[in-house]
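Novice: Enclosed is the structure file protein.pdb (PDB, C-alpha atoms and all ligand atoms).
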```
ATOM      1  CA  MET P   1     -20.441  19.125  -3.972
ATOM      2  CA  LYS P   2     -21.033  19.805  -0.252
ATOM      3  CA  ASN P   3     -22.705  16.475   0.370
ATOM      4  CA  ARG P   4     -20.791  14.242  -2.023
ATOM      5  CA  LEU P   5     -17.441  12.807  -1.013
ATOM      6  CA  THR P   6     -14.649  13.174  -3.562
ATOM      7  CA  ILE P   7     -11.969  10.493  -3.781
ATOM      8  CA  ALA P   8      -8.838  11.357  -5.760
ATOM      9  CA  ILE P   9      -6.821   8.555  -7.315
ATOM     10  CA  GLN P  10      -3.934   8.353  -9.744
ATOM     11  CA  LYS P  11      -5.096   8.581 -13.359
ATOM     12  CA  ASN P  12      -2.294   6.494 -14.886
ATOM     13  CA  GLY P  13       0.613   4.789 -13.220
ATOM     14  CA  ARG P  14       1.674   2.177 -10.732
ATOM     15  CA  LEU P  15      -1.244   2.790  -8.341
ATOM     16  CA  SER P  16      -4.112   3.341 -10.740
ATOM     17  CA  ASP P  17      -5.375  -0.210 -11.420
ATOM     18  CA  GLN P  18      -5.273  -1.320  -7.793
ATOM     19  CA  SER P  19      -6.834   1.945  -6.603
ATOM     20  CA  ARG P  20      -9.806   1.464  -8.978
ATOM     21  CA  ASP P  21     -10.044  -2.157  -7.915
ATOM     22  CA  LEU P  22     -10.100  -1.276  -4.198
ATOM     23  CA  ILE P  23     -12.847   1.308  -4.755
ATOM     24  CA  LYS P  24     -14.955  -1.205  -6.678
ATOM     25  CA  LYS P  25     -14.390  -3.969  -4.113
ATOM     26  CA  SER P  26     -15.535  -1.484  -1.453
ATOM     27  CA  GLY P  27     -18.925  -1.448  -3.154
ATOM     28  CA  ILE P  28     -18.599   1.964  -4.790
ATOM     29  CA  ASN P  29     -19.945   1.528  -8.318
ATOM     30  CA  PHE P  30     -18.645   3.852 -11.011
ATOM     31  CA  THR P  31     -17.841   3.794 -14.702
ATOM     32  CA  ALA P  32     -14.702   5.564 -15.856
ATOM     33  CA  LYS P  33     -15.260   6.597 -19.456
ATOM     34  CA  GLY P  34     -12.218   7.137 -21.711
ATOM     35  CA  ASP P  35     -10.265  10.204 -20.773
ATOM     36  CA  LYS P  36     -12.907  11.617 -18.423
ATOM     37  CA  LEU P  37     -11.304  12.929 -15.273
ATOM     38  CA  LEU P  38     -14.397  12.624 -13.087
ATOM     39  CA  ALA P  39     -16.661   9.629 -12.474
ATOM     40  CA  LYS P  40     -19.835   9.793 -10.414
ATOM     41  CA  SER P  41     -20.791   6.764  -8.364
ATOM     42  CA  ASN P  42     -24.327   5.642  -9.117
ATOM     43  CA  ASN P  43     -24.948   3.946  -5.773
ATOM     44  CA  LEU P  44     -23.279   6.251  -3.226
ATOM     45  CA  PRO P  45     -22.829  10.038  -2.932
ATOM     46  CA  ILE P  46     -19.223   9.764  -4.079
ATOM     47  CA  ASP P  47     -17.258  11.249  -7.001
ATOM     48  CA  ILE P  48     -13.918   9.887  -8.181
ATOM     49  CA  LEU P  49     -11.289  12.305  -9.504
ATOM     50  CA  PHE P  50      -8.544  10.949 -11.771
ATOM     51  CA  VAL P  51      -5.457  13.094 -11.284
ATOM     52  CA  ARG P  52      -1.654  13.095 -11.296
ATOM     53  CA  SER P  53      -0.110  11.498  -8.202
ATOM     54  CA  ASP P  54       2.018  14.587  -7.579
ATOM     55  CA  ASP P  55      -1.097  16.738  -7.225
ATOM     56  CA  ILE P  56      -2.931  14.476  -4.785
ATOM     57  CA  PRO P  57      -1.485  15.750  -1.462
ATOM     58  CA  SER P  58      -2.238  19.398  -2.269
ATOM     59  CA  LEU P  59      -5.733  18.572  -3.586
ATOM     60  CA  VAL P  60      -6.549  16.844  -0.292
ATOM     61  CA  SER P  61      -4.820  19.425   1.881
ATOM     62  CA  ASN P  62      -6.752  22.259   0.195
ATOM     63  CA  GLY P  63     -10.053  20.368   0.420
ATOM     64  CA  ASP P  64     -10.494  20.045  -3.368
ATOM     65  CA  ALA P  65     -10.569  16.287  -2.795
ATOM     66  CA  ASP P  66     -11.801  14.831   0.485
ATOM     67  CA  ILE P  67      -9.920  11.551   0.555
ATOM     68  CA  ALA P  68      -7.366   9.978  -1.774
ATOM     69  CA  ILE P  69      -5.193   6.993  -2.508
ATOM     70  CA  VAL P  70      -1.570   7.983  -2.970
ATOM     71  CA  GLY P  71       1.920   6.523  -2.633
ATOM     72  CA  GLU P  72       3.381   7.295   0.777
ATOM     73  CA  ASN P  73       6.549   8.413  -1.053
ATOM     74  CA  ILE P  74       4.583  11.221  -2.741
ATOM     75  CA  LEU P  75       2.716  12.091   0.459
ATOM     76  CA  ILE P  76       5.971  12.476   2.391
ATOM     77  CA  GLU P  77       7.744  14.388  -0.390
ATOM     78  CA  LYS P  78       4.898  16.887  -0.731
ATOM     79  CA  SER P  79       4.273  17.290   3.001
ATOM     80  CA  LEU P  80       7.828  17.831   4.232
ATOM     81  CA  PHE P  81       8.829  21.312   5.389
ATOM     82  CA  LYS P  82       5.217  22.568   5.361
ATOM     83  CA  LYS P  83       1.965  22.291   7.298
ATOM     84  CA  THR P  84      -0.828  20.282   5.649
ATOM     85  CA  ASN P  85      -4.442  19.451   6.474
ATOM     86  CA  ILE P  86      -3.939  15.759   5.789
ATOM     87  CA  ASN P  87      -4.422  12.704   7.972
ATOM     88  CA  LYS P  88      -3.045   9.336   6.868
ATOM     89  CA  VAL P  89      -5.878   6.942   7.673
ATOM     90  CA  LEU P  90      -4.957   3.536   6.237
ATOM     91  CA  GLU P  91      -1.975   1.664   4.859
ATOM     92  CA  LEU P  92      -3.320  -0.198   1.852
ATOM     93  CA  GLY P  93      -0.613  -2.832   1.411
ATOM     94  CA  PHE P  94      -0.137  -2.509  -2.351
ATOM     95  CA  SER P  95       2.359  -0.683  -4.600
ATOM     96  CA  LYS P  96       5.142  -1.429  -2.157
ATOM     97  CA  CYS P  97       8.437   0.151  -3.166
ATOM     98  CA  ARG P  98      11.429   1.906  -1.658
ATOM     99  CA  LEU P  99      13.332   5.118  -2.242
ATOM    100  CA  SER P 100      17.014   4.315  -2.562
ATOM    101  CA  PHE P 101      20.359   5.810  -3.418
ATOM    102  CA  ALA P 102      21.959   4.103  -6.416
ATOM    103  CA  ALA P 103      25.135   4.606  -8.401
ATOM    104  CA  PRO P 104      26.700   3.135 -11.559
ATOM    105  CA  GLN P 105      28.037  -0.401 -10.951
ATOM    106  CA  ASN P 106      31.633   0.590 -11.692
ATOM    107  CA  PHE P 107      31.676   3.533  -9.214
ATOM    108  CA  SER P 108      33.308   2.489  -5.973
ATOM    109  CA  MET P 109      30.991   4.762  -4.013
ATOM    110  CA  LYS P 110      30.493   3.958  -0.311
ATOM    111  CA  SER P 111      28.586   7.073   0.740
ATOM    112  CA  VAL P 112      26.743   9.962  -0.866
ATOM    113  CA  LYS P 113      28.808  12.440   1.192
ATOM    114  CA  ASN P 114      29.861  15.433  -0.929
ATOM    115  CA  LYS P 115      28.295  13.840  -4.005
ATOM    116  CA  LYS P 116      25.806  15.250  -6.511
ATOM    117  CA  ILE P 117      22.501  13.355  -6.129
ATOM    118  CA  ALA P 118      19.812  13.537  -8.838
ATOM    119  CA  THR P 119      16.270  12.861  -7.680
ATOM    120  CA  SER P 120      12.577  13.589  -8.146
ATOM    121  CA  TYR P 121      12.300  13.521  -4.343
ATOM    122  CA  PRO P 122      14.420  16.531  -3.314
ATOM    123  CA  ASN P 123      12.626  17.185  -0.009
ATOM    124  CA  THR P 124      12.874  13.586   1.162
ATOM    125  CA  VAL P 125      16.539  13.405   0.224
ATOM    126  CA  LYS P 126      17.327  16.758   1.887
ATOM    127  CA  LYS P 127      15.540  15.634   5.056
ATOM    128  CA  TYR P 128      17.535  12.397   5.079
ATOM    129  CA  LEU P 129      20.805  14.311   4.609
ATOM    130  CA  LEU P 130      19.870  16.755   7.382
ATOM    131  CA  ASP P 131      18.880  13.975   9.806
ATOM    132  CA  ASN P 132      22.105  12.126   9.112
ATOM    133  CA  LYS P 133      24.290  15.268   9.070
ATOM    134  CA  ILE P 134      25.574  14.502   5.566
ATOM    135  CA  THR P 135      26.620  17.291   3.196
ATOM    136  CA  ALA P 136      25.732  16.651  -0.441
ATOM    137  CA  ASN P 137      24.362  18.459  -3.467
ATOM    138  CA  VAL P 138      20.764  17.603  -4.453
ATOM    139  CA  VAL P 139      19.747  18.092  -8.093
ATOM    140  CA  ASN P 140      16.019  18.041  -8.868
ATOM    141  CA  ILE P 141      14.878  16.206 -12.019
ATOM    142  CA  HIS P 142      11.355  15.019 -12.881
ATOM    143  CA  GLY P 143      12.059  11.924 -15.000
ATOM    144  CA  SER P 144      14.775   9.705 -16.515
ATOM    145  CA  VAL P 145      16.689  10.033 -13.253
ATOM    146  CA  GLU P 146      18.675   6.874 -14.088
ATOM    147  CA  LEU P 147      20.363   8.673 -16.973
ATOM    148  CA  THR P 148      21.913  11.483 -14.929
ATOM    149  CA  PRO P 149      25.139   9.750 -13.769
ATOM    150  CA  TYR P 150      25.953   8.891 -17.387
ATOM    151  CA  ILE P 151      25.650  12.429 -18.727
ATOM    152  CA  GLY P 152      27.686  13.985 -15.932
ATOM    153  CA  MET P 153      24.688  15.634 -14.347
ATOM    154  CA  ALA P 154      25.085  13.723 -11.053
ATOM    155  CA  ASP P 155      27.300  11.168  -9.297
ATOM    156  CA  CYS P 156      24.401   9.074  -8.091
ATOM    157  CA  ILE P 157      20.615   9.046  -7.923
ATOM    158  CA  CYS P 158      17.873   8.628  -5.371
ATOM    159  CA  ASP P 159      14.844   7.005  -6.967
ATOM    160  CA  LEU P 160      12.023   4.536  -6.445
ATOM    161  CA  VAL P 161      12.883   0.864  -6.634
ATOM    162  CA  SER P 162      10.248  -1.818  -6.835
ATOM    163  CA  SER P 163      11.419  -4.938  -8.681
ATOM    164  CA  GLY P 164      14.902  -3.483  -9.246
ATOM    165  CA  ALA P 165      14.567  -4.058 -13.021
ATOM    166  CA  THR P 166      15.075  -0.374 -13.921
ATOM    167  CA  LEU P 167      18.280  -0.132 -11.878
ATOM    168  CA  GLU P 168      19.560  -3.335 -13.470
ATOM    169  CA  ALA P 169      18.662  -2.193 -16.975
ATOM    170  CA  ASN P 170      20.650   0.988 -16.381
ATOM    171  CA  ASN P 171      23.618  -0.749 -14.779
ATOM    172  CA  LEU P 172      23.042   0.920 -11.424
ATOM    173  CA  LYS P 173      23.532  -0.654  -7.998
ATOM    174  CA  GLU P 174      21.385   0.117  -5.000
ATOM    175  CA  LEU P 175      23.421   1.656  -2.173
ATOM    176  CA  GLU P 176      20.972   2.430   0.605
ATOM    177  CA  VAL P 177      17.227   2.522   1.211
ATOM    178  CA  ILE P 178      16.061   5.813   2.706
ATOM    179  CA  LEU P 179      12.292   5.253   2.668
ATOM    180  CA  GLU P 180       9.908   2.287   2.432
ATOM    181  CA  SER P 181       6.606   3.122   0.767
ATOM    182  CA  GLN P 182       3.189   1.687  -0.115
ATOM    183  CA  ALA P 183      -0.193   3.038  -1.173
ATOM    184  CA  VAL P 184      -1.996   4.862   1.646
ATOM    185  CA  LEU P 185      -5.440   6.357   2.114
ATOM    186  CA  ILE P 186      -5.382   9.994   3.171
ATOM    187  CA  GLN P 187      -8.150  12.321   4.321
ATOM    188  CA  ASN P 188      -8.643  16.061   4.631
ATOM    189  CA  LYS P 189      -8.714  16.969   8.352
ATOM    190  CA  LYS P 190     -11.700  19.312   8.090
ATOM    191  CA  LEU P 191     -14.526  17.348   6.450
ATOM    192  CA  ASN P 192     -18.087  18.436   7.235
ATOM    193  CA  LYS P 193     -20.410  16.109   9.143
ATOM    194  CA  THR P 194     -22.061  14.568   6.065
ATOM    195  CA  LYS P 195     -18.766  13.896   4.331
ATOM    196  CA  THR P 196     -17.240  12.520   7.541
ATOM    197  CA  LEU P 197     -20.001   9.908   7.707
ATOM    198  CA  ILE P 198     -19.493   8.875   4.084
ATOM    199  CA  ALA P 199     -15.706   8.809   4.561
ATOM    200  CA  GLU P 200     -16.061   6.584   7.643
ATOM    201  CA  LYS P 201     -18.109   4.120   5.623
ATOM    202  CA  VAL P 202     -15.535   4.092   2.802
ATOM    203  CA  ILE P 203     -12.593   3.690   5.217
ATOM    204  CA  SER P 204     -14.297   0.843   7.064
ATOM    205  CA  ARG P 205     -15.096  -0.953   3.785
ATOM    206  CA  MET P 206     -11.578  -0.481   2.418
ATOM    207  CA  ASN P 207     -10.190  -1.784   5.698
ATOM    208  CA  GLY P 208     -12.444  -4.831   5.289
ATOM    209  CA  VAL P 209     -11.181  -5.479   1.771
ATOM    210  CA  ILE P 210      -7.532  -5.145   2.820
ATOM    211  CA  ASN P 211      -7.899  -7.360   5.879
ATOM    212  CA  ALA P 212      -9.533 -10.006   3.726
ATOM    213  CA  ILE P 213      -6.649 -10.163   1.240
ATOM    214  CA  GLU P 214      -4.383 -12.268   3.443
ATOM    215  CA  SER P 215      -7.188 -13.905   5.411
ATOM    216  CA  LYS P 216      -8.363 -17.437   4.791
ATOM    217  CA  TYR P 217     -11.227 -19.461   6.157
ATOM    218  CA  VAL P 218      -9.912 -22.861   7.221
ATOM    219  CA  MET P 219     -12.084 -25.952   7.756
ATOM    220  CA  LEU P 220     -10.724 -29.310   8.853
ATOM    221  CA  ASN P 221     -11.627 -32.435  10.773
ATOM    222  CA  ALA P 222      -9.673 -33.704  13.764
ATOM    223  CA  ASP P 223      -9.748 -36.133  16.655
ATOM    224  CA  VAL P 224     -11.052 -34.590  19.882
ATOM    225  CA  LYS P 225      -7.709 -35.292  21.554
ATOM    226  CA  ASN P 226      -5.870 -33.137  18.981
ATOM    227  CA  ILE P 227      -8.091 -30.007  19.221
ATOM    228  CA  SER P 228      -5.683 -27.978  21.332
ATOM    229  CA  ALA P 229      -2.556 -28.808  19.272
ATOM    230  CA  ILE P 230      -4.370 -28.030  16.024
ATOM    231  CA  CYS P 231      -5.869 -24.722  17.235
ATOM    232  CA  LYS P 232      -2.370 -23.542  18.230
ATOM    233  CA  LEU P 233      -1.227 -24.088  14.649
ATOM    234  CA  LEU P 234      -3.931 -21.913  13.057
ATOM    235  CA  PRO P 235      -2.227 -18.545  12.412
ATOM    236  CA  GLY P 236      -3.984 -15.339  13.479
ATOM    237  CA  SER P 237      -7.259 -17.023  14.367
ATOM    238  CA  GLU P 238      -9.201 -15.610  17.316
ATOM    239  CA  SER P 239     -11.379 -18.429  18.596
ATOM    240  CA  PRO P 240     -12.005 -21.348  16.253
ATOM    241  CA  THR P 241     -15.460 -22.921  16.055
ATOM    242  CA  ILE P 242     -15.514 -26.565  17.198
ATOM    243  CA  ILE P 243     -18.413 -28.577  15.741
ATOM    244  CA  PRO P 244     -19.169 -32.123  16.935
ATOM    245  CA  LEU P 245     -19.354 -34.787  14.211
ATOM    246  CA  GLU P 246     -21.412 -37.974  13.994
ATOM    247  CA  ASN P 247     -18.374 -39.937  15.110
ATOM    248  CA  ASN P 248     -18.099 -38.559  18.663
ATOM    249  CA  GLN P 249     -14.316 -38.992  18.725
ATOM    250  CA  LYS P 250     -14.072 -36.410  15.951
ATOM    251  CA  VAL P 251     -14.854 -32.696  15.482
ATOM    252  CA  ALA P 252     -14.824 -30.178  12.657
ATOM    253  CA  ILE P 253     -12.721 -27.069  13.345
ATOM    254  CA  HIS P 254     -13.528 -23.854  11.455
ATOM    255  CA  ALA P 255     -11.331 -20.759  11.819
ATOM    256  CA  LEU P 256     -10.842 -17.368  10.228
ATOM    257  CA  CYS P 257      -7.060 -17.026   9.922
ATOM    258  CA  GLN P 258      -5.923 -13.430   9.454
ATOM    259  CA  GLU P 259      -2.446 -14.445   8.331
ATOM    260  CA  PRO P 260      -1.294 -16.340   5.231
ATOM    261  CA  ILE P 261      -1.670 -20.117   5.294
ATOM    262  CA  PHE P 262       1.429 -21.654   3.774
ATOM    263  CA  TRP P 263       1.791 -25.241   2.584
ATOM    264  CA  GLU P 264       4.080 -25.788   5.622
ATOM    265  CA  THR P 265       1.217 -24.882   7.983
ATOM    266  CA  MET P 266      -1.102 -27.314   6.214
ATOM    267  CA  GLU P 267       1.528 -30.050   6.397
ATOM    268  CA  LYS P 268       1.953 -29.437  10.147
ATOM    269  CA  LEU P 269      -1.828 -29.547  10.632
ATOM    270  CA  LYS P 270      -1.905 -32.858   8.807
ATOM    271  CA  SER P 271       0.934 -34.348  10.837
ATOM    272  CA  ASN P 272      -0.969 -33.310  13.991
ATOM    273  CA  GLY P 273      -3.936 -35.405  12.948
ATOM    274  CA  ALA P 274      -6.028 -32.965  10.867
ATOM    275  CA  SER P 275      -7.831 -34.356   7.800
ATOM    276  CA  SER P 276     -10.005 -32.914   4.989
ATOM    277  CA  ILE P 277      -8.203 -29.560   5.328
ATOM    278  CA  LEU P 278      -9.902 -26.869   3.227
ATOM    279  CA  VAL P 279      -8.437 -23.350   2.873
ATOM    280  CA  MET P 280     -10.818 -20.842   1.320
ATOM    281  CA  PRO P 281     -10.415 -17.198   0.270
ATOM    282  CA  VAL P 282     -12.264 -14.480   2.191
ATOM    283  CA  GLU P 283     -13.753 -11.609   0.209
ATOM    284  CA  LYS P 284     -14.628  -9.065   2.896
ATOM    285  CA  ILE P 285     -14.344  -8.757   6.678
ATOM    286  CA  LEU P 286     -16.332  -6.317   8.796
TER     287      LEU P 286
HETATM  288  C1  LIG I   1       9.667   4.321 -10.877
HETATM  289  C2  LIG I   1      11.111   4.713 -10.777
HETATM  290  C3  LIG I   1      11.804   3.724 -11.664
HETATM  291  C4  LIG I   1      10.899   2.513 -11.626
HETATM  292  C5  LIG I   1      11.458   1.466 -10.713
HETATM  293  O1  LIG I   1       9.064   4.944 -11.929
HETATM  294  O2  LIG I   1      11.310   6.044 -11.188
HETATM  295  O3  LIG I   1      11.914   4.225 -12.976
HETATM  296  O4  LIG I   1       9.648   2.917 -11.095
HETATM  297  O5  LIG I   1      10.672   0.290 -10.711
HETATM  298  P1  LIG I   1      11.363  -1.142 -10.834
HETATM  299  O6  LIG I   1      12.335  -1.268  -9.715
HETATM  300  O7  LIG I   1      10.232  -2.125 -10.716
HETATM  301  O8  LIG I   1      12.021  -1.225 -12.174
HETATM  302  P2  LIG I   1       7.461   4.922 -12.068
HETATM  303  O9  LIG I   1       7.046   3.752 -12.876
HETATM  304  O10 LIG I   1       6.809   5.030 -10.727
HETATM  305  O11 LIG I   1       7.180   6.201 -12.893
HETATM  306  P3  LIG I   1       7.859   7.625 -12.732
HETATM  307  O12 LIG I   1       9.033   7.569 -13.640
HETATM  308  O13 LIG I   1       6.758   8.530 -13.189
HETATM  309  O14 LIG I   1       8.237   7.817 -11.298
END
```
Would it be possible to restate this file's structure as structure tokens?
Ligand code: PRP

Specialist:
Amino acid sequence: MKNRLTIAIQKNGRLSDQSRDLIKKSGINFTAKGDKLLAKSNNLPIDILFVRSDDIPSLVSNGDADIAIVGENILIEKSLFKKTNINKVLELGFSKCRLSFAAPQNFSMKSVKNKKIATSYPNTVKKYLLDNKITANVVNIHGSVELTPYIGMADCICDLVSSGATLEANNLKELEVILESQAVLIQNKKLNKTKTLIAEKVISRMNGVINAIESKYVMLNADVKNISAICKLLPGSESPTIIPLENNQKVAIHALCQEPIFWETMEKLKSNGASSILVMPVEKIL
């Protein structure tokens, strides 16, 4: 597979749907059949590997996969205390979560000092304790971390929190965030020339898809005298296009806004004299 780029993504889990979606939106066509762990793109020299998240950093570091989408939490956990051949190339903006200490609601715990902490992220927790000169006992467990304080296995936990529903369901309160995470695109540092070119194309396309997510194309009409006030209100737009209208006191203003357009922004535009305000989604940006 010297001239085909391999992209590893999570087979099942919190990142899998959005990872597949991002690959498809980047124009890489593939069909994932049933339990097959490999899909070949039919329009680009790219193969997709469906693997466990935990294995992704080592697959990329060893060159068994060339690029991959993985949670930054996993990347950090698997890369701490060792040298890897991995570059983080893009933050993808989805699967945002945090790694936090949490303890049962009725424990009056202020700090994890001298406590027993159960976690699936032992390296990250140990690094945090080292950096903050805190002595504590770290217990490694692969799943059902939330259970450990109730069976006497630990005093508290350090686990991923996204909506907070799991902590709530297990009567645990969040004490402190030690890491913020999201999905990231990673790349093996030593790709050959052919693969580097394919990877550059994929990275540029993925970047285009991500940038488009929050971007909107805004079109509105305004009086000539209000052009400057209105342009200042358009968030993240470089240089709006001003188009004269039949009524020479009026213009149309078109702008690509690379930040969200909230109702408040539209209301401000309107009170500054804008009319016929249209906000449209953007699919891709290059
Ligand atoms: C994580 C974590 C919690 C849950 C938190 O598990 O271990 O169980 O998500 O999410 P919430 O705050 O939205 O409830 P995940 O689903 O990633 O699977 P895992 O158990 O394999 O880590």

Novice: Under the PyMOL selection byres (((not hetatm)) within 6 of (chain I and resi 1)), which residues of this model are included? Write them out as a VMD selection string.

Specialist: chain P and resid 14 143 159 to 166

Novice: Enter the distance from CA of Phe101 in chain P to CA of Val184 in chain P, in Å, rounded to one decimal.

Specialist: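 Taking CA of Phe101 in chain P and CA of Val184 in chain P, their separation equals 22.9 Å.
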
Novice: Find the spatial neighbours of Lys40 in chain P, counting only C-alpha atoms, within a cut-off of 10 Å - ignore same-chain residues fewer than 2 positions away - and output them as a PyMOL selection string.

Specialist: chain P and resi 4+6+28-32+38+42-49

Novice: Of the candidates P:Ala255, P:Leu233, P:Gln105, P:Asp64, which one gets nearest to Glu267 in chain P if we count only C-alpha atoms?

Specialist: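 The answer is P:Leu233, which sits nearest to Glu267 in chain P.
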
Novice: Enumerate, as number ranges by chain, the residues matched when the PyMOL selection byres (((chain P and resi 19-21) around 12) and not hetatm) is run on the file above.

Specialist: P: 7-18, 22-32, 39, 48-50, 53, 68-71, 92-95, 182-185, 206, 209-210

Novice: Quick one: which residues end up in the PyMOL selection byres (((chain P and resi 285) around 8) and not hetatm) for this structure, as a list of chain:residue names?

Specialist: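 This file, filtered by the PyMOL selection byres (((chain P and resi 285) around 8) and not hetatm), leaves P:Gly208, P:Val209, P:Asn211, P:Ala212, P:Val282, P:Glu283, P:Lys284, P:Leu286.
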
Novice: Can you work out the spacing between CA of Met109 in chain P and CA of Ile157 in chain P in Å, to one decimal?

Specialist: 11.9 Å

Novice: When you count only C-alpha atoms, which of these residues is closest to Glu259 in chain P: P:Asp223, P:Glu200, P:Glu246, P:Glu214?

Specialist: P:Glu214

Novice: Enter the distance from CA of Met266 in chain P to CA of His254 in chain P, in Å, rounded to one decimal.

Specialist: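 CA of His254 in chain P lies 13.9 Å from CA of Met266 in chain P.
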
Novice: Once you count only C-alpha atoms, which residues end up no further than 10 Å from (21.6, 1.8, -10.9) in the file's frame, shown as a compact mmCIF listing (two decimals) with C-alpha atoms, keeping the file's coordinate frame?

Specialist:
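The result, written out as point-v8.txt:
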```
# COMPACT_ATOMS: atom_id res chain seq x y z
CA SER P 100 17.01 4.32 -2.56
CA PHE P 101 20.36 5.81 -3.42
CA ALA P 102 21.96 4.10 -6.42
CA ALA P 103 25.14 4.61 -8.40
CA PRO P 104 26.70 3.14 -11.56
CA GLN P 105 28.04 -0.40 -10.95
CA VAL P 145 16.69 10.03 -13.25
CA GLU P 146 18.68 6.87 -14.09
CA LEU P 147 20.36 8.67 -16.97
CA PRO P 149 25.14 9.75 -13.77
CA CYS P 156 24.40 9.07 -8.09
CA ILE P 157 20.62 9.05 -7.92
CA CYS P 158 17.87 8.63 -5.37
CA ASP P 159 14.84 7.00 -6.97
CA VAL P 161 12.88 0.86 -6.63
CA GLY P 164 14.90 -3.48 -9.25
CA ALA P 165 14.57 -4.06 -13.02
CA THR P 166 15.08 -0.37 -13.92
CA LEU P 167 18.28 -0.13 -11.88
CA GLU P 168 19.56 -3.34 -13.47
CA ALA P 169 18.66 -2.19 -16.98
CA ASN P 170 20.65 0.99 -16.38
CA ASN P 171 23.62 -0.75 -14.78
CA LEU P 172 23.04 0.92 -11.42
CA LYS P 173 23.53 -0.65 -8.00
CA GLU P 174 21.38 0.12 -5.00
CA LEU P 175 23.42 1.66 -2.17
```

Novice: Writing C-alpha atoms and nothing else, produce range 24-53 of chain P as a PDB file, in the first residue's frame.

Specialist:
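Ended up saving to selection.pdb:
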```
ATOM      1  CA  LYS P  24     -17.345  11.870   2.992  1.00  0.00           C
ATOM      2  CA  LYS P  25     -17.766  15.659   3.019  1.00  0.00           C
ATOM      3  CA  SER P  26     -14.089  15.891   2.024  1.00  0.00           C
ATOM      4  CA  GLY P  27     -15.003  14.130  -1.208  1.00  0.00           C
ATOM      5  CA  ILE P  28     -13.531  10.740  -0.334  1.00  0.00           C
ATOM      6  CA  ASN P  29     -16.109   8.191  -1.480  1.00  0.00           C
ATOM      7  CA  PHE P  30     -16.201   4.845   0.290  1.00  0.00           C
ATOM      8  CA  THR P  31     -18.714   2.223   1.331  1.00  0.00           C
ATOM      9  CA  ALA P  32     -18.308   0.639   4.743  1.00  0.00           C
ATOM     10  CA  LYS P  33     -19.869  -2.807   4.571  1.00  0.00           C
ATOM     11  CA  GLY P  34     -21.105  -4.433   7.804  1.00  0.00           C
ATOM     12  CA  ASP P  35     -18.286  -5.447  10.067  1.00  0.00           C
ATOM     13  CA  LYS P  36     -15.540  -4.958   7.475  1.00  0.00           C
ATOM     14  CA  LEU P  37     -12.567  -3.225   9.014  1.00  0.00           C
ATOM     15  CA  LEU P  38     -11.196  -1.810   5.765  1.00  0.00           C
ATOM     16  CA  ALA P  39     -12.925   0.279   3.098  1.00  0.00           C
ATOM     17  CA  LYS P  40     -11.281   1.287  -0.163  1.00  0.00           C
ATOM     18  CA  SER P  41     -12.160   4.654  -1.640  1.00  0.00           C
ATOM     19  CA  ASN P  42     -13.313   4.334  -5.231  1.00  0.00           C
ATOM     20  CA  ASN P  43     -12.356   7.855  -6.292  1.00  0.00           C
ATOM     21  CA  LEU P  44      -9.036   8.502  -4.519  1.00  0.00           C
ATOM     22  CA  PRO P  45      -6.020   6.333  -3.605  1.00  0.00           C
ATOM     23  CA  ILE P  46      -7.170   6.141   0.005  1.00  0.00           C
ATOM     24  CA  ASP P  47      -8.077   3.256   2.341  1.00  0.00           C
ATOM     25  CA  ILE P  48     -10.052   3.707   5.551  1.00  0.00           C
ATOM     26  CA  LEU P  49      -9.243   1.509   8.554  1.00  0.00           C
ATOM     27  CA  PHE P  50     -11.897   1.059  11.249  1.00  0.00           C
ATOM     28  CA  VAL P  51     -10.126   0.458  14.546  1.00  0.00           C
ATOM     29  CA  ARG P  52     -10.332   0.966  18.310  1.00  0.00           C
ATOM     30  CA  SER P  53      -9.579   4.530  19.420  1.00  0.00           C
TER      31      SER P  53
END
```
